[in-house]
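Q: Contents are mmCIF, C-alpha atoms and all ligand atoms; file name structure.cif:
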data_query
#
loop_
_atom_site.label_atom_id
_atom_site.label_comp_id
_atom_site.auth_asym_id
_atom_site.auth_seq_id
_atom_site.Cartn_x
_atom_site.Cartn_y
_atom_site.Cartn_z
CA MET B 119 22.69 9.46 -12.55
CA SER B 120 24.11 6.36 -14.26
CA VAL B 121 21.85 3.46 -15.15
CA GLU B 122 23.80 1.28 -12.67
CA ALA B 123 23.15 3.78 -9.88
CA LYS B 124 19.48 4.04 -10.81
CA PHE B 125 18.95 0.32 -10.43
CA LYS B 126 21.25 -0.25 -7.46
CA ASN B 127 18.56 0.57 -4.90
CA LEU B 128 15.72 -1.22 -6.64
CA GLY B 129 16.12 -4.49 -4.71
CA ILE B 130 13.16 -6.83 -5.03
CA ASP B 131 14.12 -9.71 -2.73
CA ASN B 132 11.98 -8.42 0.13
CA ALA B 133 9.15 -7.16 -2.03
CA PRO B 134 5.78 -8.80 -1.41
CA GLY B 135 5.45 -12.03 -3.31
CA GLN B 136 9.17 -12.30 -4.05
CA GLU B 137 10.28 -14.01 -0.85
CA VAL B 138 8.29 -17.00 -1.96
CA ARG B 139 11.16 -17.70 -4.37
CA GLN B 140 13.57 -18.22 -1.50
CA GLN B 141 10.90 -20.05 0.46
CA ALA B 142 10.52 -22.59 -2.33
CA ALA B 143 14.28 -23.23 -2.23
CA ASP B 144 14.21 -23.47 1.58
CA ALA B 145 11.32 -25.95 1.48
CA LEU B 146 13.17 -28.08 -1.05
CA ASN B 147 16.33 -28.06 1.07
CA ALA B 148 14.32 -28.98 4.17
CA LEU B 149 12.73 -31.86 2.25
CA VAL B 150 16.15 -33.10 1.16
CA ARG B 151 17.41 -32.88 4.76
CA GLY B 152 14.23 -34.54 6.05
CA ASP B 153 13.37 -31.56 8.31
CA ALA B 154 9.71 -30.96 9.00
CA LEU B 155 8.64 -27.31 8.73
CA PRO B 156 6.13 -26.30 11.44
CA GLY B 157 2.52 -25.63 10.41
CA ALA B 158 1.29 -24.41 7.06
CA LEU B 159 3.29 -21.72 5.27
CA VAL B 160 1.87 -18.29 6.02
CA ASP B 161 3.03 -15.60 3.63
CA PHE B 162 2.40 -12.32 5.43
CA SER B 163 4.20 -10.36 2.69
CA HIS B 164 0.86 -9.87 0.91
CA GLY B 165 -2.82 -10.71 1.36
CA ASP B 166 -4.13 -14.20 0.62
CA VAL B 167 -6.77 -13.94 -2.13
CA ASP B 168 -7.72 -17.57 -1.53
CA ALA B 169 -8.62 -16.82 2.09
CA PHE B 170 -10.38 -13.56 1.13
CA THR B 171 -11.82 -13.98 -2.34
CA PRO B 172 -13.00 -11.23 -4.75
CA PRO B 173 -16.62 -10.01 -4.61
CA PRO B 174 -19.16 -11.89 -6.71
CA GLY B 175 -19.42 -10.74 -10.32
CA SER B 176 -15.81 -9.80 -11.03
CA PHE B 177 -15.10 -12.73 -13.34
CA GLU B 178 -18.45 -12.23 -15.10
CA ALA B 179 -17.57 -8.55 -15.67
CA PHE B 180 -14.27 -9.68 -17.20
CA THR B 181 -15.89 -12.24 -19.53
CA LEU B 182 -18.53 -9.74 -20.66
CA ALA B 183 -15.67 -7.40 -21.58
CA VAL B 184 -13.97 -10.13 -23.60
CA GLU B 185 -17.24 -10.69 -25.45
CA ALA B 186 -17.49 -6.94 -26.12
CA GLY B 187 -14.26 -7.34 -28.15
CA GLY B 188 -12.28 -4.53 -29.78
CA GLN B 189 -14.07 -1.63 -28.15
CA GLN B 190 -13.02 -2.93 -24.73
CA ALA B 191 -9.58 -4.12 -25.85
CA TYR B 192 -8.56 -0.72 -27.23
CA THR B 193 -9.77 1.91 -24.80
CA GLU B 194 -8.43 5.44 -24.59
CA TYR B 195 -5.00 5.49 -22.98
CA ARG B 196 -6.50 6.85 -19.76
CA GLY B 197 -9.12 4.11 -19.78
CA SER B 198 -12.65 3.46 -21.04
CA ALA B 199 -14.72 6.65 -20.97
CA ASP B 200 -17.84 4.79 -19.74
CA ILE B 201 -15.99 3.15 -16.90
CA ARG B 202 -14.29 6.40 -15.90
CA ALA B 203 -17.71 8.05 -15.81
CA GLU B 204 -19.02 5.34 -13.46
CA LEU B 205 -15.89 5.59 -11.32
CA ALA B 206 -16.19 9.36 -11.04
CA VAL B 207 -19.70 8.94 -9.57
CA HIS B 208 -18.57 6.31 -7.03
CA LEU B 209 -15.35 8.09 -6.07
CA SER B 210 -17.10 11.46 -5.70
CA ALA B 211 -19.66 9.85 -3.36
CA PHE B 212 -16.92 8.04 -1.42
CA THR B 213 -14.57 11.01 -0.97
CA GLY B 214 -16.91 14.00 -1.01
CA ALA B 215 -14.81 15.59 -3.77
CA ASP B 216 -16.23 16.57 -7.16
CA ILE B 217 -14.38 14.29 -9.58
CA ALA B 218 -14.57 15.04 -13.31
CA PRO B 219 -14.72 11.80 -15.35
CA ASP B 220 -13.19 13.25 -18.52
CA LEU B 221 -10.19 15.17 -17.18
CA GLY B 222 -9.88 13.98 -13.61
CA VAL B 223 -9.58 10.18 -13.76
CA ILE B 224 -7.05 7.72 -15.20
CA ILE B 225 -7.19 3.92 -14.99
CA THR B 226 -3.77 2.29 -14.56
CA PRO B 227 -2.22 -1.18 -14.29
CA GLY B 228 -2.51 -1.54 -10.50
CA THR B 229 -2.28 1.15 -7.87
CA GLN B 230 1.44 0.62 -8.30
CA GLY B 231 1.15 1.70 -11.95
CA ALA B 232 -0.61 4.88 -10.79
CA LEU B 233 2.16 5.56 -8.26
CA PHE B 234 4.85 5.13 -10.90
CA LEU B 235 3.11 7.46 -13.36
CA ALA B 236 2.31 9.99 -10.63
CA VAL B 237 5.88 10.23 -9.34
CA ALA B 238 7.28 10.31 -12.88
CA SER B 239 4.86 13.15 -13.69
CA THR B 240 5.78 15.30 -10.68
CA VAL B 241 9.42 14.59 -9.78
CA SER B 242 12.49 15.44 -11.82
CA THR B 243 16.24 15.24 -11.15
CA GLY B 244 17.22 17.12 -8.00
CA ASP B 245 13.65 17.78 -6.82
CA LYS B 246 13.12 17.47 -3.08
CA VAL B 247 10.23 15.22 -2.06
CA ALA B 248 8.85 14.81 1.47
CA ILE B 249 8.42 11.11 2.30
CA VAL B 250 7.09 9.70 5.56
CA GLN B 251 9.10 7.23 7.63
CA PRO B 252 7.75 4.59 7.75
CA ASP B 253 5.81 4.47 4.50
CA TYR B 254 5.24 2.19 1.52
CA PHE B 255 8.63 1.11 0.15
CA ALA B 256 7.80 2.06 -3.44
CA ASN B 257 7.50 5.75 -2.53
CA ARG B 258 11.15 6.05 -1.59
CA LYS B 259 12.33 3.84 -4.45
CA LEU B 260 10.33 5.71 -7.09
CA VAL B 261 11.51 9.14 -5.96
CA GLU B 262 15.12 7.95 -5.99
CA PHE B 263 14.66 6.29 -9.38
CA PHE B 264 13.50 9.57 -10.90
CA GLY B 265 16.48 11.40 -9.41
CA GLY B 266 14.58 13.14 -6.60
CA GLU B 267 15.99 13.85 -3.17
CA ILE B 268 14.13 12.34 -0.21
CA MET B 269 13.28 14.64 2.70
CA PRO B 270 12.31 12.13 5.42
CA ILE B 271 9.42 13.03 7.73
CA ARG B 272 9.14 11.17 11.04
CA MET B 273 5.94 9.53 12.12
CA ASP B 274 5.55 8.67 15.80
CA TYR B 275 3.16 5.82 15.10
CA LEU B 276 3.49 4.28 18.56
CA GLY B 277 2.67 7.56 20.31
CA SER B 278 -1.14 7.58 19.98
CA ASP B 279 -3.87 5.62 18.23
CA GLU B 280 -5.88 8.81 17.69
CA GLN B 281 -3.59 10.28 15.04
CA ALA B 282 -0.88 9.07 12.69
CA GLY B 283 1.79 11.02 14.59
CA LEU B 284 3.31 12.85 11.61
CA ASP B 285 5.98 15.37 12.60
CA LEU B 286 4.35 18.44 11.06
CA GLU B 287 7.25 20.68 12.06
CA GLN B 288 9.55 18.46 10.04
CA LEU B 289 7.14 18.64 7.11
CA ARG B 290 7.18 22.42 7.35
CA ALA B 291 10.99 22.39 7.46
CA ALA B 292 11.10 20.14 4.36
CA PHE B 293 8.83 22.55 2.47
CA ALA B 294 10.88 25.52 3.72
CA ALA B 295 14.01 23.74 2.44
CA GLY B 296 12.49 23.45 -1.03
CA ALA B 297 10.37 20.26 -1.13
CA ARG B 298 7.40 20.85 -3.45
CA THR B 299 5.86 17.36 -3.35
CA PHE B 300 4.52 15.36 -0.41
CA LEU B 301 3.80 11.69 -1.14
CA PHE B 302 2.17 9.57 1.55
CA SER B 303 -0.11 6.60 2.11
CA ASN B 304 -3.27 7.03 4.21
CA PRO B 305 -4.04 4.57 5.78
CA ASN B 306 -0.32 4.23 6.30
CA ASN B 307 1.42 1.12 5.05
CA PRO B 308 3.07 -0.48 7.15
CA THR B 309 1.43 0.68 10.41
CA GLY B 310 -2.29 0.92 9.60
CA ALA B 311 -2.34 4.46 11.02
CA VAL B 312 -5.02 6.84 9.75
CA TYR B 313 -4.24 10.56 9.67
CA SER B 314 -6.62 12.55 11.89
CA ALA B 315 -8.78 15.32 10.41
CA ASP B 316 -6.53 17.78 12.20
CA GLU B 317 -3.36 16.30 10.69
CA ILE B 318 -4.92 16.41 7.21
CA ALA B 319 -5.97 20.04 7.76
CA GLN B 320 -2.43 20.94 8.78
CA ILE B 321 -0.94 19.15 5.77
CA VAL B 322 -3.34 21.11 3.53
CA ALA B 323 -2.40 24.40 5.22
CA LEU B 324 1.32 23.72 4.74
CA ALA B 325 0.86 22.60 1.12
CA LYS B 326 -1.02 25.84 0.40
CA GLU B 327 1.58 27.99 2.14
CA TYR B 328 4.41 26.44 0.12
CA ASP B 329 2.46 25.77 -3.10
CA ALA B 330 3.27 22.07 -2.84
CA THR B 331 1.64 19.12 -4.60
CA VAL B 332 0.22 16.31 -2.47
CA ILE B 333 -0.03 12.73 -3.71
CA ALA B 334 -2.19 10.59 -1.42
CA ASP B 335 -2.15 6.82 -1.81
CA GLN B 336 -5.49 5.76 -0.30
CA LEU B 337 -5.42 2.14 -1.38
CA TYR B 338 -6.76 0.94 1.97
CA SER B 339 -9.21 3.72 2.69
CA ARG B 340 -12.31 1.50 2.40
CA LEU B 341 -11.08 -1.02 4.98
CA ARG B 342 -11.64 1.05 8.13
CA TYR B 343 -12.37 -0.48 11.50
CA SER B 344 -15.33 0.09 13.84
CA GLY B 345 -16.42 3.69 13.48
CA GLN B 346 -13.05 4.96 12.26
CA SER B 347 -13.43 8.42 10.71
CA TYR B 348 -11.43 9.39 7.64
CA ALA B 349 -10.52 12.77 6.14
CA HIS B 350 -10.15 12.67 2.33
CA ILE B 351 -7.54 15.26 1.43
CA CYS B 352 -9.07 15.60 -2.06
CA ALA B 353 -12.23 16.99 -0.41
CA SER B 354 -10.23 19.85 1.16
CA ASP B 355 -9.85 23.29 -0.38
CA LEU B 356 -6.38 22.51 -1.71
CA SER B 357 -6.24 23.75 -5.29
CA GLU B 358 -7.47 21.10 -7.76
CA ASN B 359 -4.17 20.90 -9.64
CA LYS B 360 -2.19 20.33 -6.42
CA ILE B 361 -3.78 17.09 -5.29
CA LEU B 362 -3.75 13.61 -6.77
CA THR B 363 -5.40 10.63 -5.06
CA ILE B 364 -4.55 7.03 -5.85
CA MET B 365 -6.73 4.02 -5.12
CA GLY B 366 -7.48 0.57 -6.46
CA PRO B 367 -9.40 -2.63 -5.84
CA SER B 368 -6.39 -4.88 -5.11
CA LYS B 369 -6.60 -5.16 -1.35
CA THR B 370 -9.96 -4.83 0.39
CA GLU B 371 -11.64 -6.34 -2.67
CA SER B 372 -8.89 -8.94 -3.42
CA LEU B 373 -8.82 -8.01 -7.13
CA SER B 374 -5.03 -7.73 -7.19
CA GLY B 375 -4.67 -10.33 -9.96
CA TYR B 376 -6.47 -8.06 -12.43
CA ARG B 377 -3.82 -5.33 -11.90
CA LEU B 378 -6.14 -2.34 -11.68
CA GLY B 379 -5.65 1.08 -10.17
CA VAL B 380 -7.10 4.54 -10.47
CA ALA B 381 -5.71 8.04 -9.99
CA PHE B 382 -8.02 11.03 -9.70
CA GLY B 383 -7.71 14.74 -9.11
CA SER B 384 -5.32 17.13 -10.82
CA PRO B 385 -6.14 17.29 -14.58
CA GLU B 386 -2.58 18.59 -15.21
CA ILE B 387 -0.87 15.62 -13.56
CA ILE B 388 -3.34 13.18 -15.11
CA ALA B 389 -2.68 14.56 -18.60
CA ARG B 390 1.05 13.88 -18.05
CA MET B 391 0.34 10.45 -16.63
CA GLU B 392 -1.67 9.55 -19.73
CA LYS B 393 1.17 10.63 -22.04
CA LEU B 394 3.56 8.47 -20.06
CA GLN B 395 1.18 5.52 -19.88
CA ALA B 396 0.96 5.74 -23.68
CA ILE B 397 4.67 4.88 -23.89
CA VAL B 398 4.84 2.47 -20.93
CA SER B 399 1.87 0.12 -21.32
CA LEU B 400 -0.49 2.05 -23.65
CA ARG B 401 -3.38 1.45 -21.23
CA ALA B 402 -4.47 -0.69 -18.33
CA PRO B 403 -5.56 -4.10 -19.68
CA GLY B 404 -8.78 -3.36 -21.58
CA TYR B 405 -10.85 -6.38 -20.56
CA ASN B 406 -9.74 -6.07 -16.93
CA GLN B 407 -10.84 -2.44 -16.78
CA ALA B 408 -14.43 -3.70 -16.93
CA VAL B 409 -13.90 -5.44 -13.57
CA LEU B 410 -13.90 -1.94 -12.05
CA ARG B 411 -17.68 -2.03 -12.66
CA THR B 412 -17.93 -4.33 -9.63
CA TRP B 413 -15.97 -1.88 -7.45
CA PHE B 414 -18.14 0.12 -5.02
CA ASN B 415 -20.93 -2.14 -6.29
CA GLU B 416 -20.48 -5.08 -3.95
CA PRO B 417 -23.57 -6.84 -2.57
CA GLU B 418 -25.16 -5.28 0.51
CA GLY B 419 -23.13 -6.10 3.62
CA TRP B 420 -20.16 -7.59 1.72
CA ILE B 421 -17.69 -4.87 2.74
CA ASP B 422 -18.92 -4.81 6.35
CA GLU B 423 -18.39 -8.54 6.64
CA ARG B 424 -14.91 -8.25 5.16
CA ILE B 425 -13.97 -5.49 7.57
CA ALA B 426 -15.32 -7.43 10.57
CA ALA B 427 -13.30 -10.52 9.59
CA HIS B 428 -10.10 -8.45 9.34
CA GLU B 429 -10.81 -6.68 12.61
CA ALA B 430 -11.09 -10.05 14.38
CA ILE B 431 -7.71 -11.18 13.00
CA ARG B 432 -6.17 -7.81 13.88
CA ASP B 433 -7.33 -8.07 17.49
CA ASP B 434 -5.93 -11.60 17.89
CA LEU B 435 -2.55 -10.66 16.45
CA LEU B 436 -2.32 -7.50 18.55
CA ALA B 437 -3.01 -9.54 21.70
CA ILE B 438 -0.32 -12.09 20.80
CA PHE B 439 2.37 -9.48 20.07
CA ARG B 440 1.52 -7.28 23.04
CA ASP B 441 1.46 -10.27 25.43
CA ALA B 442 4.99 -10.95 24.25
CA GLY B 443 5.99 -7.36 25.04
CA MET B 444 6.31 -6.36 21.37
CA ALA B 445 5.03 -2.76 21.07
CA THR B 446 2.52 -2.60 18.20
CA ARG B 447 0.31 0.21 17.00
CA THR B 448 -3.39 -0.57 16.66
CA PRO B 449 -4.11 -0.42 12.94
CA GLN B 450 -7.17 1.79 12.42
CA ALA B 451 -7.55 0.59 8.84
CA GLY B 452 -6.00 -1.71 6.25
CA SER B 453 -4.54 -5.13 6.96
CA TYR B 454 -0.98 -4.44 8.11
CA VAL B 455 0.59 -4.65 11.56
CA PHE B 456 4.09 -3.42 12.30
CA PRO B 457 5.22 -5.02 15.59
CA THR B 458 8.47 -4.03 17.27
CA LEU B 459 10.85 -6.93 17.87
CA PRO B 460 12.87 -7.37 21.03
CA LYS B 461 16.58 -6.59 20.67
CA LEU B 462 17.87 -9.50 18.62
CA ALA B 463 21.21 -11.30 18.76
CA ILE B 464 21.16 -11.44 14.95
CA GLY B 465 20.47 -8.92 12.17
CA LEU B 466 16.94 -8.27 10.91
CA ASN B 467 17.49 -9.84 7.50
CA ASP B 468 18.88 -13.00 9.10
CA PHE B 469 15.90 -13.12 11.44
CA VAL B 470 13.47 -12.79 8.53
CA LYS B 471 15.32 -15.58 6.71
CA LEU B 472 15.22 -17.84 9.78
CA LEU B 473 11.51 -17.15 10.20
CA ARG B 474 11.09 -18.54 6.73
CA GLN B 475 13.38 -21.50 7.22
CA GLN B 476 12.46 -22.53 10.75
CA ALA B 477 8.96 -21.18 11.31
CA ASN B 478 7.48 -21.38 7.80
CA VAL B 479 6.46 -17.73 7.98
CA ILE B 480 7.21 -14.96 5.49
CA VAL B 481 7.25 -11.35 6.71
CA THR B 482 8.65 -8.11 5.30
CA PRO B 483 11.58 -6.50 7.18
CA GLY B 484 10.89 -3.03 8.61
CA THR B 485 13.89 -1.62 6.75
CA GLU B 486 11.85 -1.71 3.52
CA PHE B 487 9.79 1.17 4.93
CA GLY B 488 12.55 3.37 6.37
CA PRO B 489 15.20 2.99 9.08
CA HIS B 490 13.13 0.48 11.07
CA GLU B 491 15.52 -2.35 11.80
CA HIS B 492 13.55 -3.50 14.86
CA SER B 493 10.22 -4.06 13.15
CA ILE B 494 8.55 -6.48 10.79
CA ARG B 495 5.45 -5.96 8.68
CA LEU B 496 2.66 -8.49 8.37
CA ASN B 497 -0.27 -8.37 5.97
CA TYR B 498 -2.89 -10.19 8.03
CA SER B 499 -5.42 -10.61 5.23
CA GLN B 500 -4.95 -14.36 5.75
CA ASP B 501 -6.82 -17.43 6.93
CA HIS B 502 -7.60 -16.48 10.54
CA GLN B 503 -6.41 -19.62 12.31
CA ALA B 504 -3.28 -19.92 10.16
CA ALA B 505 -2.42 -16.27 10.89
CA VAL B 506 -2.81 -16.76 14.64
CA ALA B 507 -0.67 -19.91 14.62
CA ALA B 508 2.01 -18.15 12.57
CA ALA B 509 2.01 -15.12 14.91
CA HIS B 510 2.72 -17.48 17.82
CA ARG B 511 5.63 -18.94 15.84
CA ILE B 512 7.00 -15.41 15.26
CA VAL B 513 6.88 -14.73 19.01
CA GLU B 514 8.71 -18.03 19.75
CA MET B 515 11.38 -17.14 17.19
CA ALA B 516 11.76 -13.63 18.64
CA LYS B 517 12.37 -15.22 22.05
CA ARG B 518 14.81 -17.76 20.60
CA TYR B 519 16.92 -15.09 18.93
CA SER B 520 16.50 -12.36 21.54
CA ALA B 521 19.73 -10.71 22.74
CA GLU B 522 18.30 -10.35 26.25
C1 LIG Z 1 0.14 1.57 -0.03
C2 LIG Z 1 0.19 0.73 -1.27
N1 LIG Z 1 0.16 1.33 -2.48
C3 LIG Z 1 0.21 0.61 -3.63
C4 LIG Z 1 0.30 -0.76 -3.61
C5 LIG Z 1 0.26 -1.52 -4.91
O1 LIG Z 1 -1.03 -2.09 -5.08
P1 LIG Z 1 -1.58 -2.71 -6.41
O2 LIG Z 1 -1.68 -4.18 -6.22
O3 LIG Z 1 -2.97 -2.10 -6.60
O4 LIG Z 1 -0.68 -2.33 -7.52
C6 LIG Z 1 0.35 -1.43 -2.39
C7 LIG Z 1 0.50 -2.88 -2.33
O5 LIG Z 1 0.86 -3.44 -1.31
C8 LIG Z 1 0.27 -0.67 -1.19
O6 LIG Z 1 0.27 -1.26 0.01
#
Represent the structure of the file as structure tokens.
A:
Amino acid sequence: MSVEAKFKNLGIDNAPGQEVRQQAADALNALVRGDALPGALVDFSHGDVDAFTPPPGSFEAFTLAVEAGGQQAYTEYRGSADIRAELAVHLSAFTGADIAPDLGVIITPGTQGALFLAVASTVSTGDKVAIVQPDYFANRKLVEFFGGEIMPIRMDYLGSDEQAGLDLEQLRAAFAAGARTFLFSNPNNPTGAVYSADEIAQIVALAKEYDATVIADQLYSRLRYSGQSYAHICASDLSENKILTIMGPSKTESLSGYRLGVAFGSPEIIARMEKLQAIVSLRAPGYNQAVLRTWFNEPEGWIDERIAAHEAIRDDLLAIFRDAGMATRTPQAGSYVFPTLPKLAIGLNDFVKLLRQQANVIVTPGTEFGPHEHSIRLNYSQDHQAAVAAAHRIVEMAKRYSAE
């Protein structure tokens, strides 16, 4: 594949955080024209770390690391051995898997860094990779960037709130047609769906039958609503070298600015990831790695409070969208909703642009996550009242531009 072709599909205009560029230009134009934009800007393309701040102690952990000097600045490529040892204890307790600190953990620059290294370490030109639709936009882009062929797997996320709705027959067919990697997020981004224990068991059975590797992005797996159960695929009996789990403290814990992620599981894949990291970024930022000491170490009740606050916002947004007749799955975890828009008289990208220009709201178009041109994604980790007001503005705009 030519370099031009490789980069053609790597658009970043709709990526979280990027739309703000256009928004700044829009706001300036509105100022020049004397238009007043309604309400405060709400940027649903990513969580608001000012509304939901990091747990206490993260900055102190960072400054202690700076004081520690060279030993923390120049860690092993896969990350500080001490911190990996602590992580292995926490992640083993969290997942129920037995995670080896020396061979089974790598610290990366963001969960995104882990995803990049993981896909690069498992996918080569022409390889078929099963990817869920909808799923996190980077999955598709990374596989294509490394020359892989996407085998799309449907997810009927509106069908039931009890399961994710993955089309397991289609997954079987993808494996039968030669796919040897399955990459998915659980909880699913953009819908907030959690895979049921039965779905996970069936994925494991298929992966075993076809000797496939499973990469599970579990970034949001701590932010689970009222009594929601969760099956960690790494705790299944899938062979150790066939499963890699990716997590990080960017979302639930609002530590995104430190750019930290972790991958654990397959020693074989992790050994490749470390070799690649050594030529990409050498290591995750040394001083920042120490912030991982605060992860899974939050004060008593901190996580519960955070989950309750998100659940309250979720419920308000669901009520607003459903009252307006916009079908929306109940997110069981995470902080994303993926409402279905009415049939619009304009294209989705134009609608998203007008939301920005007329309603002062930034959302991510559904097409980033697959062929979902009637949906938008919102990250509702926002100031509660601002999020509710902005959701009402989205509904008004959907009515204004409805084709019906
Ligand atoms: C499913 C998923 N994976 C990975 C990432 C990247 O996260 P990080 O900030 O840890 O790099 C995101 C960010 O939105 C995400 O939603």
Q: What are the nearest atom pairs, with distances in Å to one decimal, for all residues of chain B that come at most 8 Å from ligand LIG 1 (chain Z), using all atoms listed in the file, set out by chain and rising residue number as a tab-separated table?
A:
residue	atom	partner	partner_atom	distance
B:Pro134	CA	Z:LIG1	O5	7.3
B:His164	CA	Z:LIG1	O5	6.8
B:Pro227	CA	Z:LIG1	O4	7.0
B:Gly228	CA	Z:LIG1	O4	3.6
B:Thr229	CA	Z:LIG1	O3	3.6
B:Gln230	CA	Z:LIG1	O4	3.7
B:Gly231	CA	Z:LIG1	O4	6.3
B:Ala232	CA	Z:LIG1	O4	7.9
B:Leu233	CA	Z:LIG1	C3	7.1
B:Asp253	CA	Z:LIG1	C1	7.8
B:Tyr254	CA	Z:LIG1	C1	5.4
B:Ala256	CA	Z:LIG1	C3	7.7
B:Ser303	CA	Z:LIG1	C1	5.5
B:Asn304	CA	Z:LIG1	C1	7.7
B:Pro305	CA	Z:LIG1	C1	7.8
B:Asn306	CA	Z:LIG1	C1	6.9
B:Asn307	CA	Z:LIG1	C1	5.3
B:Pro308	CA	Z:LIG1	O6	7.7
B:Asp335	CA	Z:LIG1	N1	6.0
B:Gln336	CA	Z:LIG1	C1	7.0
B:Leu337	CA	Z:LIG1	N1	5.7
B:Tyr338	CA	Z:LIG1	C1	7.2
B:Met365	CA	Z:LIG1	O3	7.3
B:Gly366	CA	Z:LIG1	O3	5.2
B:Pro367	CA	Z:LIG1	O3	6.5
B:Ser368	CA	Z:LIG1	O3	4.7
B:Lys369	CA	Z:LIG1	O2	7.0
B:Ser374	CA	Z:LIG1	O2	5.0
B:Gly375	CA	Z:LIG1	O2	7.8
B:Arg377	CA	Z:LIG1	O4	6.2
B:Leu378	CA	Z:LIG1	O3	6.0
B:Gly379	CA	Z:LIG1	O3	5.5
Q: What lies within 10 Å of Phe255 (chain B) using all atoms listed in the file, ignoring chain neighbours under 5 positions off, as a list in words?
A: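 These residues fall inside the cut-off: Ala133, Leu260, Asn307, Pro308, Gly484, Thr485, Glu486, Phe487 and Gly488 of chain B.
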Q: With only C-alpha atoms as the basis for distance, which of B:Leu182, B:Ala463, B:Ala311, B:Ala238 is at the shortest distance from Arg342 (chain B)?
A: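 When distances to Arg342 (chain B) are compared using only C-alpha atoms, the smallest one comes from B:Ala311.
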Q: For each of B:Thr309, B:Leu284, B:Ala521, B:Thr370, take the minimum atom-to-atom distance to Tyr454 (chain B), counting all atoms listed in the file, then give the residue where this is smallest.
A: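 Of the candidates, the smallest distance to Tyr454 (chain B) is held by B:Thr309.
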Q: Near Thr446 (chain B), within 10 Å and counting all atoms listed in the file, which residues show up once chain neighbours fewer than 6 positions away are dropped, as a PDB file with C-alpha atoms, in the coordinates of the input?
A:
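To be explicit, this is the file written out as part-v1.pdb:
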ATOM      1  CA  TYR B 275       3.160   5.820  15.100  1.00  0.00           C
ATOM      2  CA  LEU B 276       3.490   4.280  18.560  1.00  0.00           C
ATOM      3  CA  THR B 309       1.430   0.680  10.410  1.00  0.00           C
ATOM      4  CA  LEU B 435      -2.550 -10.660  16.450  1.00  0.00           C
ATOM      5  CA  LEU B 436      -2.320  -7.500  18.550  1.00  0.00           C
ATOM      6  CA  ALA B 437      -3.010  -9.540  21.700  1.00  0.00           C
ATOM      7  CA  PHE B 439       2.370  -9.480  20.070  1.00  0.00           C
ATOM      8  CA  ARG B 440       1.520  -7.280  23.040  1.00  0.00           C
ATOM      9  CA  VAL B 455       0.590  -4.650  11.560  1.00  0.00           C
ATOM     10  CA  PHE B 456       4.090  -3.420  12.300  1.00  0.00           C
ATOM     11  CA  PRO B 457       5.220  -5.020  15.590  1.00  0.00           C
ATOM     12  CA  THR B 458       8.470  -4.030  17.270  1.00  0.00           C
ATOM     13  CA  LEU B 459      10.850  -6.930  17.870  1.00  0.00           C
ATOM     14  CA  SER B 493      10.220  -4.060  13.150  1.00  0.00           C
TER      15      SER B 493
END
Q: Scan for residues within 8 Å of the point (12.9, -8.8, 22.2) in the coordinates of the file, using all atoms listed in the file, and reply as a short mmCIF file (atom, residue, chain, number, x, y, z; two decimals) with C-alpha atoms, keeping the file's coordinate frame.
A:
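So the final result, stored in part-v6.cif, reads:
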data_model
loop_
_atom_site.label_atom_id
_atom_site.label_comp_id
_atom_site.auth_asym_id
_atom_site.auth_seq_id
_atom_site.Cartn_x
_atom_site.Cartn_y
_atom_site.Cartn_z
CA GLY B 443 5.99 -7.36 25.04
CA MET B 444 6.31 -6.36 21.37
CA LEU B 459 10.85 -6.93 17.87
CA PRO B 460 12.87 -7.37 21.03
CA LYS B 461 16.58 -6.59 20.67
CA LEU B 462 17.87 -9.50 18.62
CA ALA B 516 11.76 -13.63 18.64
CA LYS B 517 12.37 -15.22 22.05
CA SER B 520 16.50 -12.36 21.54
CA ALA B 521 19.73 -10.71 22.74
CA GLU B 522 18.30 -10.35 26.25
#
